[in-house]
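This is final31.cif. It holds mmCIF, C-alpha atoms.
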```
data_run
loop_
_atom_site.label_atom_id
_atom_site.label_comp_id
_atom_site.auth_asym_id
_atom_site.auth_seq_id
_atom_site.Cartn_x
_atom_site.Cartn_y
_atom_site.Cartn_z
CA MET A 175 3.53 1.30 8.55
CA ASN A 176 3.37 -0.14 5.03
CA ALA A 177 6.33 -2.48 4.67
CA GLY A 178 6.16 -2.50 0.87
CA PRO A 179 5.41 -5.42 -1.45
CA ASP A 180 6.40 -8.96 -0.49
CA LEU A 181 7.99 -11.68 -2.62
CA HIS A 182 4.57 -12.98 -3.70
CA ALA A 183 3.65 -9.52 -5.03
CA ILE A 184 6.98 -9.34 -6.85
CA ARG A 185 6.43 -12.72 -8.49
CA GLU A 186 2.90 -11.64 -9.50
CA ALA A 187 4.38 -8.45 -10.96
CA HIS A 188 6.88 -10.51 -12.93
CA ARG A 189 4.10 -12.62 -14.39
CA ARG A 190 1.98 -9.54 -15.16
CA ILE A 191 4.66 -7.54 -16.97
CA ALA A 192 6.34 -10.41 -18.83
CA PRO A 193 4.46 -9.83 -22.13
CA HIS A 194 5.35 -6.13 -22.11
CA VAL A 195 9.01 -5.87 -21.04
CA HIS A 196 12.32 -7.42 -22.02
CA ARG A 197 14.06 -10.02 -19.89
CA THR A 198 17.36 -8.21 -20.11
CA PRO A 199 20.69 -10.04 -20.38
CA VAL A 200 23.34 -10.44 -17.68
CA LEU A 201 26.81 -9.66 -19.06
CA THR A 202 30.33 -10.19 -17.72
CA SER A 203 33.79 -8.89 -18.57
CA ALA A 204 37.16 -10.38 -17.62
CA SER A 205 38.84 -6.97 -17.73
CA LEU A 206 36.23 -5.46 -15.43
CA ASP A 207 36.59 -8.42 -13.04
CA GLU A 208 40.34 -7.89 -12.97
CA ARG A 209 39.95 -4.19 -12.25
CA ALA A 210 37.47 -4.84 -9.44
CA GLY A 211 39.16 -7.89 -7.94
CA ALA A 212 35.75 -9.57 -7.93
CA ARG A 213 33.39 -11.32 -10.34
CA LEU A 214 30.91 -8.80 -11.71
CA PHE A 215 27.52 -9.60 -13.25
CA PHE A 216 25.79 -6.70 -14.99
CA LYS A 217 21.98 -6.76 -15.29
CA CYS A 218 21.50 -4.67 -18.42
CA GLU A 219 18.37 -2.59 -17.84
CA ASN A 220 19.81 -0.03 -20.25
CA LEU A 221 18.55 -2.51 -22.88
CA GLN A 222 15.02 -2.45 -21.42
CA ARG A 223 12.08 -0.94 -23.32
CA THR A 224 12.25 2.89 -23.10
CA GLY A 225 15.92 2.45 -22.13
CA SER A 226 15.58 1.96 -18.37
CA PHE A 227 14.32 -0.26 -15.55
CA LYS A 228 11.45 2.20 -15.05
CA MET A 229 9.42 0.27 -17.64
CA ARG A 230 9.04 -2.56 -15.12
CA GLY A 231 7.41 -0.53 -12.36
CA ALA A 232 5.33 1.59 -14.71
CA THR A 233 3.98 -1.48 -16.50
CA ASN A 234 3.09 -3.26 -13.28
CA ALA A 235 1.30 -0.19 -11.94
CA VAL A 236 -0.64 0.44 -15.17
CA PHE A 237 -1.66 -3.19 -15.68
CA SER A 238 -2.60 -3.62 -12.00
CA LEU A 239 -5.45 -1.13 -12.41
CA SER A 240 -9.01 -2.37 -12.76
CA ASP A 241 -10.72 -1.67 -16.07
CA ALA A 242 -12.76 1.08 -14.39
CA GLU A 243 -9.66 2.74 -12.95
CA ALA A 244 -7.71 2.41 -16.18
CA ALA A 245 -10.50 3.94 -18.25
CA ARG A 246 -9.81 7.31 -16.61
CA GLY A 247 -6.16 7.18 -17.68
CA VAL A 248 -2.98 7.65 -15.68
CA LEU A 249 -0.94 10.63 -14.58
CA THR A 250 2.58 11.19 -13.29
CA HIS A 251 5.27 13.82 -12.88
CA SER A 252 8.78 13.01 -14.01
CA SER A 253 11.72 14.59 -15.81
CA GLY A 254 12.51 11.57 -17.95
CA ASN A 255 12.68 7.80 -17.61
CA HIS A 256 9.54 7.25 -15.52
CA ALA A 257 7.63 9.62 -17.78
CA ALA A 258 8.54 7.64 -20.88
CA ALA A 259 7.76 4.35 -19.17
CA ILE A 260 4.30 5.47 -18.04
CA ALA A 261 3.52 6.82 -21.51
CA LEU A 262 4.46 3.54 -23.20
CA ALA A 263 2.76 1.33 -20.61
CA ALA A 264 -0.43 3.37 -21.00
CA ARG A 265 -0.25 3.10 -24.77
CA ARG A 266 0.12 -0.66 -24.52
CA ARG A 267 -3.00 -0.80 -22.34
CA GLY A 268 -4.84 1.60 -24.66
CA ILE A 269 -5.46 4.37 -22.15
CA PRO A 270 -4.41 8.03 -21.99
CA ALA A 271 -1.40 9.24 -20.01
CA TRP A 272 -0.86 12.78 -18.76
CA ILE A 273 2.77 13.57 -17.97
CA VAL A 274 3.96 16.62 -16.03
CA MET A 275 7.54 17.47 -16.99
CA PRO A 276 9.73 20.38 -15.85
CA SER A 277 10.46 23.06 -18.42
CA ASN A 278 14.18 22.24 -18.30
CA ALA A 279 13.78 18.52 -19.02
CA PRO A 280 16.06 17.36 -21.85
CA ARG A 281 14.33 17.76 -25.20
CA THR A 282 15.24 14.20 -26.15
CA LYS A 283 13.35 12.87 -23.11
CA ARG A 284 10.29 15.03 -23.76
CA ARG A 285 10.27 13.92 -27.39
CA ALA A 286 10.41 10.28 -26.31
CA VAL A 287 7.40 10.77 -24.02
CA GLU A 288 5.44 12.40 -26.82
CA ASP A 289 6.45 9.67 -29.27
CA TYR A 290 5.00 7.10 -26.86
CA GLY A 291 1.72 9.02 -26.79
CA GLY A 292 2.12 10.89 -23.51
CA ARG A 293 0.27 14.21 -23.16
CA VAL A 294 2.91 16.54 -21.73
CA SER A 295 2.18 19.51 -19.48
CA GLU A 296 5.08 21.73 -18.44
CA CYS A 297 5.83 22.88 -14.92
CA GLU A 298 8.53 24.91 -13.25
CA PRO A 299 11.66 22.89 -12.37
CA ASN A 300 10.83 22.33 -8.70
CA LEU A 301 8.83 19.76 -6.75
CA ALA A 302 6.13 22.19 -5.60
CA SER A 303 5.30 23.14 -9.19
CA ARG A 304 5.31 19.49 -10.30
CA GLU A 305 2.86 18.52 -7.60
CA ALA A 306 0.60 21.54 -8.14
CA VAL A 307 0.32 20.99 -11.90
CA ALA A 308 -0.23 17.26 -11.37
CA ALA A 309 -2.96 17.92 -8.77
CA ALA A 310 -4.76 20.30 -11.13
CA LEU A 311 -4.59 17.76 -13.96
CA GLN A 312 -5.82 14.97 -11.72
CA LYS A 313 -8.80 17.06 -10.62
CA LYS A 314 -9.61 17.86 -14.25
CA THR A 315 -9.16 14.36 -15.72
CA GLY A 316 -9.78 11.93 -12.86
CA ALA A 317 -6.65 10.07 -13.93
CA ARG A 318 -4.86 7.72 -11.53
CA MET A 319 -1.61 9.16 -10.16
CA ILE A 320 1.35 6.77 -10.44
CA HIS A 321 4.24 8.11 -8.40
CA PRO A 322 7.77 7.33 -9.64
CA TYR A 323 8.63 5.39 -6.47
CA ASN A 324 6.15 6.01 -3.62
CA ASP A 325 3.92 3.17 -4.82
CA ASP A 326 3.86 -0.53 -3.93
CA ALA A 327 3.05 -1.63 -7.48
CA VAL A 328 5.93 0.41 -8.88
CA ILE A 329 8.37 -1.00 -6.32
CA ALA A 330 7.20 -4.57 -7.02
CA GLY A 331 7.78 -4.03 -10.72
CA GLN A 332 11.26 -2.61 -10.20
CA ALA A 333 12.08 -5.60 -7.98
CA THR A 334 11.68 -7.98 -10.91
CA ALA A 335 15.11 -6.96 -12.24
CA ALA A 336 16.78 -8.35 -9.11
CA LEU A 337 14.47 -11.39 -9.22
CA GLU A 338 15.68 -12.21 -12.74
CA LEU A 339 19.31 -11.54 -11.81
CA LEU A 340 19.17 -13.98 -8.90
CA GLU A 341 17.35 -16.58 -10.98
CA GLU A 342 20.29 -16.48 -13.38
CA ILE A 343 23.12 -16.05 -10.84
CA PRO A 344 21.72 -17.47 -7.57
CA ASP A 345 25.02 -17.46 -5.64
CA LEU A 346 25.64 -13.71 -5.68
CA ASP A 347 27.24 -12.31 -2.53
CA LEU A 348 25.89 -8.79 -3.00
CA ILE A 349 23.86 -6.60 -5.35
CA VAL A 350 24.50 -2.94 -6.13
CA ALA A 351 21.86 -0.60 -7.57
CA PRO A 352 21.73 3.18 -8.03
CA LEU A 353 19.94 5.11 -5.30
CA SER A 354 17.67 8.11 -5.85
CA GLY A 355 14.05 8.00 -4.64
CA GLY A 356 14.68 4.41 -3.63
CA GLY A 357 12.15 2.52 -5.75
CA LEU A 358 14.68 0.30 -7.52
CA LEU A 359 16.84 -0.25 -4.44
CA SER A 360 13.81 -0.96 -2.21
CA GLY A 361 12.51 -3.54 -4.64
CA THR A 362 15.98 -5.02 -4.99
CA ALA A 363 16.35 -5.30 -1.22
CA ILE A 364 12.97 -7.00 -0.78
CA ALA A 365 13.54 -9.49 -3.60
CA ALA A 366 17.17 -10.25 -2.76
CA ARG A 367 16.71 -10.65 0.99
CA SER A 368 13.58 -12.77 0.49
CA LEU A 369 15.40 -15.14 -1.83
CA LYS A 370 18.76 -15.10 -0.03
CA PRO A 371 18.59 -13.62 3.49
CA GLY A 372 22.37 -13.28 3.89
CA ILE A 373 23.00 -11.31 0.70
CA ARG A 374 24.32 -7.76 0.99
CA VAL A 375 22.42 -4.99 -0.79
CA ILE A 376 24.25 -1.74 -1.50
CA GLY A 377 22.87 1.53 -2.83
CA ALA A 378 25.24 3.67 -4.90
CA GLU A 379 24.59 7.38 -4.45
CA PRO A 380 26.39 10.50 -5.71
CA ALA A 381 28.14 12.32 -2.87
CA ASN A 382 26.60 15.49 -4.32
CA ALA A 383 23.10 14.04 -3.81
CA ASP A 384 23.61 12.18 -0.55
CA ASP A 385 20.24 12.58 1.17
CA ALA A 386 19.70 8.81 1.45
CA TYR A 387 23.12 8.29 3.03
CA ARG A 388 22.41 11.06 5.54
CA SER A 389 18.86 9.84 6.18
CA LEU A 390 19.87 6.25 6.93
CA ALA A 391 22.74 7.44 9.14
CA ALA A 392 20.47 9.80 11.09
CA GLY A 393 17.47 7.47 11.30
CA ARG A 394 15.16 10.11 9.83
CA LEU A 395 14.49 11.65 6.43
CA GLU A 396 16.98 14.36 5.58
CA PRO A 397 16.48 17.10 2.95
CA ALA A 398 17.92 16.98 -0.54
CA ALA A 399 21.47 18.19 -1.07
CA THR A 400 21.88 21.62 -2.62
CA THR A 401 24.80 20.63 -4.86
CA GLU A 402 24.54 19.47 -8.48
CA THR A 403 25.45 16.07 -9.91
CA ILE A 404 26.01 14.89 -13.45
CA ALA A 405 23.88 11.86 -12.51
CA ASP A 406 20.69 13.85 -13.11
CA GLY A 407 18.45 10.80 -12.69
CA LEU A 408 19.52 10.46 -9.04
CA ARG A 409 18.34 13.80 -7.68
CA ALA A 410 15.10 12.56 -6.09
CA THR A 411 14.85 12.06 -2.33
CA LEU A 412 13.61 9.10 -0.33
CA CYS A 413 9.97 9.02 0.75
CA PRO A 414 8.75 7.48 4.03
CA LEU A 415 7.95 4.17 2.27
CA THR A 416 11.33 3.66 0.59
CA PHE A 417 13.20 4.96 3.65
CA ALA A 418 11.46 2.39 5.86
CA ILE A 419 12.18 -0.47 3.46
CA LEU A 420 15.89 0.40 3.18
CA ARG A 421 16.26 0.99 6.93
CA ASP A 422 14.46 -2.20 7.95
CA ARG A 423 16.60 -4.31 5.61
CA ASN A 424 19.85 -2.69 6.72
CA VAL A 425 20.75 -1.53 3.20
CA GLN A 426 24.11 0.22 3.08
CA VAL A 427 25.05 3.20 0.89
CA ALA A 428 28.31 3.71 -1.01
CA LEU A 429 28.98 7.33 -1.92
CA VAL A 430 30.41 8.16 -5.33
CA ALA A 431 32.42 11.27 -6.16
CA GLU A 432 31.61 13.32 -9.25
CA ASP A 433 35.04 12.71 -10.78
CA GLU A 434 34.50 8.93 -10.53
CA ILE A 435 31.26 8.80 -12.54
CA LEU A 436 32.33 9.58 -16.11
CA PRO A 437 35.44 7.34 -16.08
CA ALA A 438 33.25 4.41 -14.99
CA MET A 439 30.68 5.26 -17.64
CA ARG A 440 33.34 5.38 -20.33
CA PHE A 441 34.92 2.14 -19.13
CA ILE A 442 31.58 0.34 -19.52
CA TRP A 443 31.14 1.83 -23.01
CA GLU A 444 34.64 0.65 -23.98
CA ARG A 445 34.71 -2.81 -22.41
CA LEU A 446 31.07 -3.97 -22.50
CA LYS A 447 30.12 -1.91 -25.60
CA LEU A 448 27.05 -0.71 -23.72
CA VAL A 449 25.52 2.75 -23.76
CA ILE A 450 24.79 3.68 -20.15
CA GLU A 451 23.91 7.05 -18.65
CA PRO A 452 25.77 8.70 -15.74
CA SER A 453 23.11 7.62 -13.23
CA SER A 454 23.72 4.02 -14.26
CA ALA A 455 27.49 4.43 -14.03
CA VAL A 456 27.14 5.43 -10.38
CA ALA A 457 26.32 1.78 -9.58
CA VAL A 458 29.53 0.65 -11.28
CA VAL A 459 31.90 2.92 -9.38
CA PRO A 460 31.85 1.14 -5.97
CA ALA A 461 33.07 -2.09 -7.57
CA LEU A 462 35.73 -0.48 -9.76
CA GLU A 463 36.99 1.76 -6.94
CA ASN A 464 37.04 -1.02 -4.30
CA LYS A 465 34.37 0.52 -2.07
CA LEU A 466 32.49 -2.76 -1.46
CA ASN A 467 34.89 -4.95 0.57
CA ALA A 468 34.08 -7.68 -1.95
CA ALA A 469 37.43 -9.13 -3.01
CA GLY A 470 36.89 -12.47 -4.74
CA GLN A 471 33.11 -12.28 -4.34
CA LYS A 472 30.26 -12.38 -6.86
CA VAL A 473 28.74 -8.95 -7.31
CA GLY A 474 25.52 -8.20 -9.19
CA ILE A 475 25.25 -4.67 -10.59
CA ILE A 476 22.03 -3.28 -12.01
CA LEU A 477 22.76 -0.99 -14.96
CA SER A 478 19.66 1.13 -14.57
CA GLY A 479 19.43 2.93 -17.91
CA GLY A 480 21.01 4.25 -21.07
CA ASN A 481 19.10 7.42 -21.91
CA LEU A 482 21.22 10.45 -22.70
CA ASP A 483 21.70 12.95 -25.50
CA LEU A 484 24.19 11.30 -27.86
CA GLY A 485 24.87 14.70 -29.42
CA LYS A 486 26.25 15.95 -26.12
CA LEU A 487 28.30 13.10 -24.71
CA PRO A 488 29.89 14.28 -21.45
CA PHE A 489 33.24 12.65 -22.17
CA ALA A 490 33.43 13.71 -25.82
#
```
Now that the file is in, can you turn its structure into structure tokens?
Amino acid sequence: MNAGPDLHAIREAHRRIAPHVHRTPVLTSASLDERAGARLFFKCENLQRTGSFKMRGATNAVFSLSDAEAARGVLTHSSGNHAAAIALAARRRGIPAWIVMPSNAPRTKRRAVEDYGGRVSECEPNLASREAVAAALQKKTGARMIHPYNDDAVIAGQATAALELLEEIPDLDLIVAPLSGGGLLSGTAIAARSLKPGIRVIGAEPANADDAYRSLAAGRLEPAATTETIADGLRATLCPLTFAILRDRNVQVALVAEDEILPAMRFIWERLKLVIEPSSAVAVVPALENKLNAAGQKVGIILSGGNLDLGKLPFA
């Protein structure tokens, strides 16, 4: 079975994407440390191009293509952050990007994709429709499909956030990242465990979207939860590739209740003066709510993104 990218591939991805992405800052807060009883180091991917870590994986995948492959353009299906990242990465390479988005995707996210030059096709808001529309477009255009997380090049790109974090704070005891389809967390686990074998890697997942928690506990892929979560970027399910990476590296999952997400989000806005989205706040909750067994330790937290409709703030 494909074990995913190795540290060499991650370092190559870092070199490849460096001209096209930001090296985001790592911030700290004494008040947040006091609340958590640990030293917290926030990797601010909400300040990344397009507003999320997705720009890393998308850029690595797009710029890994040969000239012949790239000439046919790229294609993906996504409701938001990956869509925008693929559109911008394709524009920077000078190739077309076809983006399949569900009809209920936030208008702000669709507008961002279009502003970056993405050619949007609508689908029904379910996975079967996404895949069918994408397959039809791929047959018509010959474009290269770049999956949001079931792709080695995407995972290697996402891993560069953890690589940078550990270059800056090499003595971290653990790293926490949000968990959805598993691309960011898989890359984080590979990079972190390759650089520091004893480090703990924790995925933060909404209890209302707990398929990864159930899958890792059962030792097999479990279906998506039927409940809703305000962390709309964390609704995807693991694929065989990301499941295998997380299982083989003994990644643990911390579940986060719905009523814990917005208070953590607001606390970050107030104390760090950072705009983060609910999906990003999910990674903050385990530290603030003492779910990590990390008293006195150094904890890295990847703030995954900051894309939300500022006209409809959930805590307003």
- Check the smallest atom-to-atom distance from each of A:Ala330, A:Ala257, A:Ala310, A:Ile376 to Ala235 in chain A using only C-alpha atoms, then report the winner. A:Ala330
- Query: Which residues match the PyMOL selection byres ((chain A and resi 391-407) around 9) in the file above, as a PyMOL selection string?
  - Reply: chain A and resi 253-255+354+380-390+408-414+417+421+432+435-436+451-456+488
Near range 214-221 of chain A, 12 Å: range 281-396 of chain A residue rows, closest pairs, all atoms listed in the file, as JSON lines:
```
{"residue": "A:Gln332", "atom": "CA", "partner": "A:Glu219", "partner_atom": "CA", "distance": 10.4}
{"residue": "A:Thr334", "atom": "CA", "partner": "A:Glu219", "partner_atom": "CA", "distance": 11.0}
{"residue": "A:Ala335", "atom": "CA", "partner": "A:Lys217", "partner_atom": "CA", "distance": 7.5}
{"residue": "A:Ala336", "atom": "CA", "partner": "A:Lys217", "partner_atom": "CA", "distance": 8.2}
{"residue": "A:Leu337", "atom": "CA", "partner": "A:Lys217", "partner_atom": "CA", "distance": 10.7}
{"residue": "A:Glu338", "atom": "CA", "partner": "A:Lys217", "partner_atom": "CA", "distance": 8.7}
{"residue": "A:Leu339", "atom": "CA", "partner": "A:Lys217", "partner_atom": "CA", "distance": 6.5}
{"residue": "A:Leu340", "atom": "CA", "partner": "A:Lys217", "partner_atom": "CA", "distance": 10.0}
{"residue": "A:Glu341", "atom": "CA", "partner": "A:Lys217", "partner_atom": "CA", "distance": 11.7}
{"residue": "A:Glu342", "atom": "CA", "partner": "A:Phe215", "partner_atom": "CA", "distance": 10.0}
{"residue": "A:Ile343", "atom": "CA", "partner": "A:Phe215", "partner_atom": "CA", "distance": 8.2}
{"residue": "A:Pro344", "atom": "CA", "partner": "A:Phe215", "partner_atom": "CA", "distance": 11.3}
{"residue": "A:Asp345", "atom": "CA", "partner": "A:Phe215", "partner_atom": "CA", "distance": 11.2}
{"residue": "A:Leu346", "atom": "CA", "partner": "A:Phe215", "partner_atom": "CA", "distance": 8.8}
{"residue": "A:Asp347", "atom": "CA", "partner": "A:Leu214", "partner_atom": "CA", "distance": 10.5}
{"residue": "A:Leu348", "atom": "CA", "partner": "A:Leu214", "partner_atom": "CA", "distance": 10.1}
{"residue": "A:Ile349", "atom": "CA", "partner": "A:Phe215", "partner_atom": "CA", "distance": 9.2}
{"residue": "A:Val350", "atom": "CA", "partner": "A:Phe216", "partner_atom": "CA", "distance": 9.7}
{"residue": "A:Ala351", "atom": "CA", "partner": "A:Lys217", "partner_atom": "CA", "distance": 9.9}
{"residue": "A:Pro352", "atom": "CA", "partner": "A:Glu219", "partner_atom": "CA", "distance": 11.9}
{"residue": "A:Leu358", "atom": "CA", "partner": "A:Glu219", "partner_atom": "CA", "distance": 11.3}
```
Got time to write the residues from that selection, C-alpha atoms, as a tab-separated table (two decimals), in the coordinates of the input?
```tsv
chain	number	residue	atom	x	y	z
A	332	GLN	CA	11.26	-2.61	-10.20
A	334	THR	CA	11.68	-7.98	-10.91
A	335	ALA	CA	15.11	-6.96	-12.24
A	336	ALA	CA	16.78	-8.35	-9.11
A	337	LEU	CA	14.47	-11.39	-9.22
A	338	GLU	CA	15.68	-12.21	-12.74
A	339	LEU	CA	19.31	-11.54	-11.81
A	340	LEU	CA	19.17	-13.98	-8.90
A	341	GLU	CA	17.35	-16.58	-10.98
A	342	GLU	CA	20.29	-16.48	-13.38
A	343	ILE	CA	23.12	-16.05	-10.84
A	344	PRO	CA	21.72	-17.47	-7.57
A	345	ASP	CA	25.02	-17.46	-5.64
A	346	LEU	CA	25.64	-13.71	-5.68
A	347	ASP	CA	27.24	-12.31	-2.53
A	348	LEU	CA	25.89	-8.79	-3.00
A	349	ILE	CA	23.86	-6.60	-5.35
A	350	VAL	CA	24.50	-2.94	-6.13
A	351	ALA	CA	21.86	-0.60	-7.57
A	352	PRO	CA	21.73	3.18	-8.03
A	358	LEU	CA	14.68	0.30	-7.52
```
For range 406-477 of chain A versus range 365-372 of chain A, which residues have an atom no more than 12 Å away, and what is each residue's nearest atom pair and distance in Å rounded to one decimal, using only C-alpha atoms, chain-then-number order, as JSON lines?
```
{"residue": "A:Ile419", "atom": "CA", "partner": "A:Arg367", "partner_atom": "CA", "distance": 11.4}
{"residue": "A:Leu420", "atom": "CA", "partner": "A:Arg367", "partner_atom": "CA", "distance": 11.3}
{"residue": "A:Asp422", "atom": "CA", "partner": "A:Arg367", "partner_atom": "CA", "distance": 11.2}
{"residue": "A:Arg423", "atom": "CA", "partner": "A:Arg367", "partner_atom": "CA", "distance": 7.8}
{"residue": "A:Asn424", "atom": "CA", "partner": "A:Arg367", "partner_atom": "CA", "distance": 10.3}
{"residue": "A:Val425", "atom": "CA", "partner": "A:Arg367", "partner_atom": "CA", "distance": 10.2}
{"residue": "A:Gly474", "atom": "CA", "partner": "A:Ala366", "partner_atom": "CA", "distance": 10.7}
```
- Message: Between A:Ala264, A:Lys283, A:Leu249, A:Gly361, which residue has the minimum interatomic distance to Leu311 in chain A, considering all atoms listed in the file?
- Response: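 Selected residue with least distance to Leu311 in chain A: A:Leu249.
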Put a box with edges along x, y and z around all the listed atoms of range 468-478 of chain A, pad it by 3 Å on each side, then give me its centre and sizes in Å, one decimal, as JSON.
```
{"center_x": 28.5, "center_y": -5.7, "center_z": -8.5, "size_x": 23.8, "size_y": 19.6, "size_z": 19.0}
```
- Expansion of the PyMOL selection byres ((chain A and resi 312-314) around 12) into residues, as a PyMOL selection string: chain A and resi 246-251+271-274+305-311+315-320
- Using all atoms listed in the file, which residue out of A:Arg189, A:Lys486, A:Ile184, A:Ala232 lies closest to Pro322 in chain A? A:Ala232
- Task: Expand the PyMOL selection byres ((chain A and resi 291) around 12) into the individual residues it matches in the shown file, reporting them as a ChimeraX atom specification.
- Result: /A:257-273,284-290,292-294
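Every protein, DNA or RNA residue with an atom at most 9 Å from His194 in chain A, where all atoms listed in the file count and chain neighbours fewer than 3 positions away do not, is listed here: Arg190, Ile191, Arg223, Met229, Arg230, Thr233, Ala263 and Arg266 of chain A.
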- Message: So the first atom is CA of Leu446 in chain A and the second is CA of Val200 in chain A; what is the distance between them in Å, to one decimal place?
- Response: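 Calculated distance between CA of Leu446 in chain A and CA of Val200 in chain A is 11.2 Å.
Between CA of Cys297 in chain A and CA of Asn324 in chain A the interatomic distance comes to 20.3 Å.
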- Between A:Val458, A:Ile329, A:Ile442, A:Val195, which one has atoms that come closest to Ser226 in chain A, using only C-alpha atoms?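 So, comparing all the options, the nearest one is A:Val195.
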- Message: Which residues are near Ala212 in chain A? Cut-off 7 Å, all atoms listed in the file, ignore same chain within fewer than 5 positions. Put them as a PyMOL selection string.
- Response: chain A and resi 207+468-472
- Tell me, as number ranges by chain, which residues lie within 9 Å of Glu434 in chain A, counting only C-alpha atoms; anything in the same chain fewer than 3 positions away does not count. A: 430-431, 437-439, 456, 459, 463
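Separating CA of Ala378 in chain A from CA of Val449 in chain A is a distance of 18.9 Å.
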- Item | Sel. within 9 Å of pt (40.3, -4.0, -25.6), counting all atoms listed in the file, output as a ChimeraX atom specification | /A:205,444-445
May I have the residues within 6 Å of Gly231 in chain A as a short mmCIF file (atom, residue, chain, number, x, y, z; two decimals) with C-alpha atoms, in the coordinates of the input, using all atoms listed in the file and disregarding those fewer than 3 positions away in the same chain?
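Okay, result-v7.cif is ready:
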```cif
data_model
loop_
_atom_site.label_atom_id
_atom_site.label_comp_id
_atom_site.auth_asym_id
_atom_site.auth_seq_id
_atom_site.Cartn_x
_atom_site.Cartn_y
_atom_site.Cartn_z
CA LYS A 228 11.45 2.20 -15.05
CA ASN A 234 3.09 -3.26 -13.28
CA VAL A 328 5.93 0.41 -8.88
CA GLY A 331 7.78 -4.03 -10.72
CA GLN A 332 11.26 -2.61 -10.20
#
```
- Taking all atoms listed in the file into account, which of A:Ile373, A:Ala192, A:Glu298, A:Thr198 comes nearest Gln222 in chain A?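 Of all the options, A:Thr198 lies closest to Gln222 in chain A.
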